[in-house]
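Visitor: File follows, target_0.txt with compact mmCIF, C-alpha atoms and all ligand atoms:
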# COMPACT_ATOMS: atom_id res chain seq x y z
CA MET A 630 10.17 -9.97 -0.49
CA ARG A 631 7.62 -11.75 -2.65
CA ILE A 632 4.16 -10.32 -3.22
CA ASP A 633 1.37 -12.33 -4.89
CA ILE A 634 -1.79 -10.51 -5.90
CA ILE A 635 -5.00 -12.28 -6.88
CA THR A 636 -7.38 -10.17 -8.96
CA VAL A 637 -10.16 -10.34 -11.53
CA LEU A 638 -8.60 -7.35 -13.31
CA PRO A 639 -4.85 -8.04 -13.78
CA GLU A 640 -4.60 -5.31 -16.45
CA LEU A 641 -5.39 -2.69 -13.84
CA LEU A 642 -2.25 -3.60 -11.90
CA GLU A 643 0.25 -3.68 -14.74
CA SER A 644 1.06 0.01 -14.90
CA PRO A 645 1.54 0.86 -11.19
CA PHE A 646 4.34 -1.69 -10.82
CA ASN A 647 6.08 -0.90 -14.11
CA HIS A 648 7.46 2.51 -13.27
CA SER A 649 9.69 4.39 -10.90
CA ILE A 650 10.84 2.98 -7.55
CA VAL A 651 8.70 -0.17 -7.63
CA LYS A 652 9.99 -1.17 -11.07
CA ARG A 653 13.58 -0.41 -10.06
CA SER A 654 13.17 -2.52 -6.94
CA VAL A 655 11.81 -5.39 -9.04
CA ASP A 656 14.70 -5.00 -11.50
CA LYS A 657 17.21 -4.99 -8.63
CA GLY A 658 15.67 -8.21 -7.24
CA ILE A 659 14.62 -6.53 -3.98
CA VAL A 660 11.01 -7.53 -4.51
CA GLU A 661 9.13 -9.97 -6.76
CA ILE A 662 5.54 -9.11 -7.67
CA PHE A 663 3.27 -11.70 -9.27
CA ILE A 664 -0.20 -10.83 -10.50
CA HIS A 665 -2.62 -13.76 -10.83
CA ASN A 666 -5.96 -13.85 -12.59
CA LEU A 667 -8.62 -15.33 -10.32
CA ARG A 668 -10.42 -16.67 -13.40
CA ASP A 669 -7.53 -19.12 -13.94
CA PHE A 670 -8.74 -20.86 -10.77
CA SER A 671 -12.37 -21.10 -11.85
CA GLU A 672 -13.66 -24.54 -12.83
CA ASP A 673 -16.78 -23.02 -14.37
CA LYS A 674 -16.84 -23.47 -18.15
CA HIS A 675 -17.39 -19.72 -18.59
CA LYS A 676 -14.66 -18.91 -16.02
CA ARG A 677 -17.19 -17.16 -13.82
CA VAL A 678 -15.97 -16.02 -10.45
CA ASP A 679 -19.08 -14.25 -9.14
CA ASP A 680 -22.67 -15.17 -8.32
CA ALA A 681 -25.83 -13.56 -6.93
CA PRO A 682 -25.98 -13.17 -3.13
CA PHE A 683 -28.24 -15.39 -1.04
CA GLY A 684 -31.00 -13.29 0.48
CA GLY A 685 -31.69 -11.44 -2.74
CA SER A 686 -29.81 -8.18 -2.18
CA ALA A 687 -28.40 -6.26 -5.15
CA GLY A 688 -24.94 -6.82 -6.70
CA MET A 689 -22.75 -9.88 -7.12
CA VAL A 690 -20.52 -11.77 -4.70
CA MET A 691 -17.09 -13.30 -5.41
CA LYS A 692 -17.59 -17.07 -5.33
CA ILE A 693 -15.95 -19.17 -2.67
CA GLU A 694 -14.47 -22.02 -4.78
CA PRO A 695 -12.04 -20.15 -7.10
CA VAL A 696 -10.78 -17.94 -4.24
CA HIS A 697 -10.37 -20.98 -1.99
CA LYS A 698 -8.53 -22.88 -4.72
CA ALA A 699 -6.23 -19.94 -5.53
CA ILE A 700 -5.29 -19.10 -1.95
CA ASN A 701 -4.70 -22.74 -1.04
CA PHE A 702 -2.54 -23.20 -4.12
CA PHE A 703 -0.28 -20.28 -3.15
CA LYS A 704 -0.24 -21.34 0.50
CA SER A 705 0.97 -24.80 -0.54
CA GLN A 706 4.00 -23.17 -2.22
CA ARG A 707 5.25 -21.01 0.69
CA ASN A 708 4.34 -19.49 4.05
CA TYR A 709 2.75 -16.06 3.92
CA ASP A 710 3.30 -13.52 6.69
CA GLU A 711 -0.14 -12.15 5.94
CA ILE A 712 -3.04 -12.98 3.59
CA ILE A 713 -4.66 -9.64 2.96
CA TYR A 714 -8.10 -8.82 1.63
CA THR A 715 -8.56 -5.25 0.40
CA SER A 716 -11.92 -3.95 1.56
CA PRO A 717 -13.47 -0.72 2.84
CA ASP A 718 -14.35 -2.68 6.03
CA GLY A 719 -10.72 -3.36 6.86
CA GLU A 720 -8.26 -1.81 9.28
CA LYS A 721 -7.23 1.64 8.07
CA PHE A 722 -3.81 1.44 6.39
CA ASN A 723 -1.12 3.78 7.69
CA GLN A 724 2.65 4.31 7.74
CA LYS A 725 3.07 2.17 10.85
CA THR A 726 1.49 -0.83 9.10
CA ALA A 727 3.58 -0.13 5.97
CA ASN A 728 6.77 -0.10 8.10
CA ARG A 729 5.83 -3.39 9.75
CA MET A 730 4.94 -5.07 6.48
CA SER A 731 8.14 -3.90 4.77
CA SER A 732 10.04 -6.53 6.78
CA PHE A 733 7.80 -9.40 5.62
CA GLN A 734 9.08 -12.22 3.39
CA ASN A 735 5.85 -13.18 1.58
CA ILE A 736 2.57 -11.32 1.25
CA LEU A 737 -0.57 -12.50 -0.53
CA ILE A 738 -3.21 -9.91 -1.45
CA LEU A 739 -6.72 -10.76 -2.62
CA CYS A 740 -8.35 -7.79 -4.32
CA GLY A 741 -12.00 -7.44 -3.43
CA HIS A 742 -14.54 -6.89 -6.20
CA TYR A 743 -18.26 -6.72 -6.86
CA LYS A 744 -20.21 -6.61 -3.61
CA GLY A 745 -17.45 -8.49 -1.77
CA ILE A 746 -16.30 -12.06 -1.15
CA ASP A 747 -18.26 -14.87 0.40
CA GLN A 748 -17.96 -14.34 4.17
CA ARG A 749 -16.62 -17.89 4.66
CA ILE A 750 -13.41 -16.99 2.78
CA ARG A 751 -12.83 -14.11 5.18
CA GLU A 752 -13.26 -16.42 8.15
CA LEU A 753 -11.25 -19.32 6.70
CA LEU A 754 -8.28 -17.81 4.90
CA ILE A 755 -7.86 -14.07 5.30
CA THR A 756 -5.47 -12.99 8.07
CA LYS A 757 -5.88 -9.23 7.64
CA GLU A 758 -8.42 -6.94 5.97
CA ILE A 759 -7.08 -3.55 4.92
CA SER A 760 -8.88 -0.39 3.87
CA ILE A 761 -6.95 2.52 2.38
CA GLY A 762 -9.54 5.06 3.50
CA ASP A 763 -13.18 5.75 4.28
CA TYR A 764 -14.44 5.75 0.70
CA VAL A 765 -15.53 3.00 -1.65
CA LEU A 766 -13.46 2.12 -4.73
CA THR A 767 -14.76 0.10 -7.66
CA GLY A 768 -12.44 -2.72 -6.66
CA GLY A 769 -9.48 -3.52 -4.44
CA GLU A 770 -6.82 -3.27 -7.17
CA LEU A 771 -6.02 0.40 -6.63
CA ALA A 772 -5.90 -0.24 -2.88
CA ALA A 773 -3.46 -3.13 -3.48
CA ALA A 774 -1.30 -0.84 -5.65
CA VAL A 775 -1.24 1.78 -2.88
CA ILE A 776 -0.30 -0.79 -0.23
CA VAL A 777 2.44 -2.38 -2.37
CA ASP A 778 3.91 0.98 -3.39
CA SER A 779 4.12 2.22 0.20
CA ILE A 780 5.73 -1.03 1.41
CA VAL A 781 8.24 -1.50 -1.40
CA ARG A 782 9.77 1.97 -1.03
CA LEU A 783 10.57 1.12 2.61
CA ILE A 784 12.54 -2.06 1.85
CA PRO A 785 16.26 -1.33 2.39
CA GLY A 786 17.97 -0.73 -0.95
CA SER A 787 14.76 0.32 -2.66
CA ILE A 788 15.36 4.07 -2.48
CA SER A 789 18.88 5.13 -3.48
CA ASP A 790 19.14 7.75 -0.74
CA GLU A 791 18.29 5.50 2.21
CA THR A 792 17.72 8.43 4.55
CA SER A 793 15.01 9.77 2.28
CA ALA A 794 12.30 7.34 3.43
CA LEU A 795 13.09 8.26 7.03
CA THR A 796 12.20 11.91 6.41
CA ASP A 797 8.83 11.09 4.81
CA SER A 798 5.68 12.56 6.24
CA PHE A 799 4.27 10.38 9.07
CA GLN A 800 7.59 8.64 9.80
CA ASP A 801 7.74 10.27 13.29
CA ASN A 802 4.06 11.16 13.46
CA LEU A 803 5.08 14.43 11.78
CA LEU A 804 4.38 15.85 8.34
CA ALA A 805 7.52 16.51 6.26
CA SER A 806 9.01 20.01 6.20
CA PRO A 807 8.60 22.05 2.98
CA VAL A 808 11.22 21.58 0.26
CA TYR A 809 12.63 23.98 -2.37
CA THR A 810 14.91 23.77 -5.40
CA ARG A 811 16.45 26.24 -7.88
CA PRO A 812 15.85 29.09 -8.56
CA SER A 813 16.35 30.57 -5.09
CA GLU A 814 13.93 33.36 -5.99
CA PHE A 815 10.79 33.09 -8.16
CA MET A 816 8.34 35.96 -8.71
CA GLY A 817 9.74 37.65 -5.61
CA MET A 818 9.27 34.49 -3.48
CA LYS A 819 12.54 33.61 -1.76
CA VAL A 820 13.78 30.28 -0.44
CA PRO A 821 14.29 30.58 3.36
CA ASP A 822 17.84 31.88 4.03
CA VAL A 823 18.68 29.02 6.39
CA LEU A 824 18.46 26.50 3.54
CA LEU A 825 21.11 28.44 1.59
CA SER A 826 23.37 28.90 4.65
CA GLY A 827 25.21 25.57 4.47
CA ASN A 828 24.80 25.28 8.27
CA PHE A 829 23.44 21.74 8.55
CA LYS A 830 22.72 21.94 12.27
CA GLU A 831 20.58 25.03 11.74
CA ILE A 832 18.91 23.45 8.69
CA GLU A 833 17.98 20.35 10.69
CA LYS A 834 16.57 22.53 13.49
CA TRP A 835 14.55 24.60 10.99
CA GLU A 836 13.18 21.45 9.31
CA LEU A 837 12.02 20.02 12.64
CA GLU A 838 10.33 23.31 13.57
CA GLN A 839 8.61 23.43 10.19
CA SER A 840 7.46 19.80 10.55
CA LEU A 841 6.00 20.51 13.97
CA GLU A 842 4.32 23.71 12.84
CA ARG A 843 2.79 22.08 9.76
CA THR A 844 1.60 19.07 11.76
CA LYS A 845 0.00 21.27 14.44
CA LYS A 846 -1.77 23.29 11.75
CA LEU A 847 -2.75 20.61 9.24
CA ARG A 848 -2.93 17.31 11.19
CA PRO A 849 -3.10 18.00 14.93
CA ASP A 850 -4.59 14.51 15.39
CA LEU A 851 -1.13 13.04 14.63
CA LEU A 852 0.30 14.71 17.74
CA ASP A 853 -2.29 13.29 20.17
CA GLY A 854 -0.42 11.54 22.94
CA VAL A 855 3.05 12.35 21.49
CA ASP A 856 5.59 14.00 23.84
CA PHE A 857 8.25 16.33 22.41
N1 LIG A 901 -12.20 -1.69 -2.01
C1 LIG A 901 -13.16 -0.78 -2.19
N2 LIG A 901 -12.92 0.31 -1.45
C2 LIG A 901 -11.77 0.08 -0.76
C3 LIG A 901 -11.02 0.81 0.18
N3 LIG A 901 -11.39 2.03 0.58
N4 LIG A 901 -9.89 0.26 0.67
C4 LIG A 901 -9.53 -0.98 0.29
N5 LIG A 901 -10.20 -1.72 -0.60
C5 LIG A 901 -11.31 -1.21 -1.11
Produce structure tokens that represent the structure in this file.
Guide:
Amino acid sequence: MRIDIITVLPELLESPFNHSIVKRSVDKGIVEIFIHNLRDFSEDKHKRVDDAPFGGSAGMVMKIEPVHKAINFFKSQRNYDEIIYTSPDGEKFNQKTANRMSSFQNILILCGHYKGIDQRIRELLITKEISIGDYVLTGGELAAAVIVDSIVRLIPGSISDETSALTDSFQDNLLASPVYTRPSEFMGMKVPDVLLSGNFKEIEKWELEQSLERTKKLRPDLLDGVDF
């Protein structure tokens, strides 16, 4: 998979992709991530990429020309499965979308900033707007980092124990069961006996029960319309 990200703040995206599973996946050649500075596509002598909105409201708007030039440049190089704009107005991101996107070949992400982008870019070039939740971030970079992280870990070969991603919370509309490690007793709190029993059938049954119980208690909305 190849991921191109267009941003006005490339520095903000350096760290999230330089550690842990995402970095390992890049090193293994499972994914390529390229971060591009929108200012490099500005023809303004001061490299400006924003301007005041028509109509006189407060804040600044990302200008149409540099975004148009950047997206068209990348589109001329390859086909993108999706051209994403990160915005609080977008479709709420979830595990189902992450699963679907993890099979994509090429993804282009435009990080929103300031008051937003000129509406004409959204109509002309964006194929999907994604929000990571009902709150407003300073910019779309952290949202892009969240989206990329959640997709990359699902690409086969990314996580060494391939079954691990399948037992994540949300994978079957269920929260994950609780996990424990050594010591088996801490301050009088004991690890459930079944986990020490070595009986894998019983362990699996216990984990499913725990998942169901936790989901019913903490996120009953996930079980709406699900038959067990
Ligand atoms: N930009 C600002 N807030 C955002 C959000 N909640 N999701 C995606 N992009 C954003």
Visitor: Have a look at atom CA of A:Leu737 and atom CA of A:Lys725 and let me know their distance in Å, one decimal.
Guide: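 Computing the Euclidean distance for atom CA of A:Leu737 and atom CA of A:Lys725 yields 18.9 Å.
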Visitor: Using only C-alpha atoms and all ligand atoms, which of A:Pro849, A:Gly786, A:Gly745, A:Pro821 sits nearest ligand LIG 901 (chain A)?
Guide: A:Gly745
Visitor: Of the candidates A:Met691, A:Leu754, A:Val808, A:Ile761, which shows the shortest atom-to-atom distance to A:Glu836, using all atoms listed in the file?
Guide: A:Val808
Visitor: Would you list the residues that come within 10 Å of ligand LIG 901 (chain A)? Count all atoms listed in the file and give the answer as JSON, numbers by chain.
Guide: {"A": [714, 715, 716, 717, 718, 719, 720, 721, 722, 739, 740, 741, 742, 743, 744, 745, 758, 759, 760, 761, 762, 763, 764, 765, 766, 767, 768, 769, 770, 771, 772, 773, 775, 776]}
Visitor: Write out as number ranges by chain each polymer residue whose atoms come within 7 Å of stretch 641-658 of chain A, counting all atoms listed in the file; drop sequence neighbours fewer than 5 positions from it.
Guide: A: 770, 774, 778, 781-782, 787-788
Visitor: Need to verify the contact set: A:Ile662, 8 Å, all atoms listed in the file, exclusion of same-chain residues closer than 5 positions in sequence. Can you return it as a list in words?
Guide: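 The neighbour list is Arg631, Ile632, Asp633, Ile634 and Val655 of chain A.
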Visitor: Just the number, please: distance in Å from atom CA of A:Ile755 to atom CA of A:Glu711, one decimal.
Guide: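 Value for the atom CA of A:Ile755-atom CA of A:Glu711 distance: 8.0 Å.
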Visitor: What's around A:Arg843 at 10 Å? Count only C-alpha atoms, leave out sequence neighbours fewer than 2 positions away in its own chain, and write the answer as an MDAnalysis selection string.
Guide: chainID A and resid 803:807 837:841 845:849
Visitor: Just checking: using all atoms listed in the file, which residue out of A:Phe733, A:Tyr709, A:Phe799, A:Phe702 ends up closest to A:Val660?
Guide: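 Between A:Phe733, A:Tyr709, A:Phe799, A:Phe702, the residue approaching A:Val660 most closely is A:Phe733.
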Visitor: Take atom CA of A:Ile712 and atom CA of A:Asn728 and report the distance between them in Å, one decimal.
Guide: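 These atoms are spaced 16.8 Å apart.
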Visitor: In terms of the shortest atom-to-atom distance over only C-alpha atoms, which of A:Asp669, A:Lys692, A:Thr756, A:Arg677 is closest to A:Asp710?
Guide: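 Smallest distance to A:Asp710 is found for A:Thr756.
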Visitor: Pick from A:Leu667, A:Val678, A:Ala727, A:Ile750: nearest to A:His697, with all atoms listed in the file counted?
Guide: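 Answer, going by the shortest atom-to-atom distance: A:Ile750.
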Visitor: Around all of stretch 636-640 of chain A's listed atoms, make the axis-aligned box with 8 Å on each side and tell me centre and edge lengths in Å to one decimal, as lines of an AutoDock Vina configuration file.
Guide:
center_x = -7.4
center_y = -7.8
center_z = -12.7
size_x = 21.6
size_y = 21.0
size_z = 23.5
Visitor: Using all atoms listed in the file, which of A:Asn723, A:Thr810, A:Asn666, A:Ser789 sits nearest A:Pro695?
Guide: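 Looking only at the distances to A:Pro695, the closest residue turns out to be A:Asn666.
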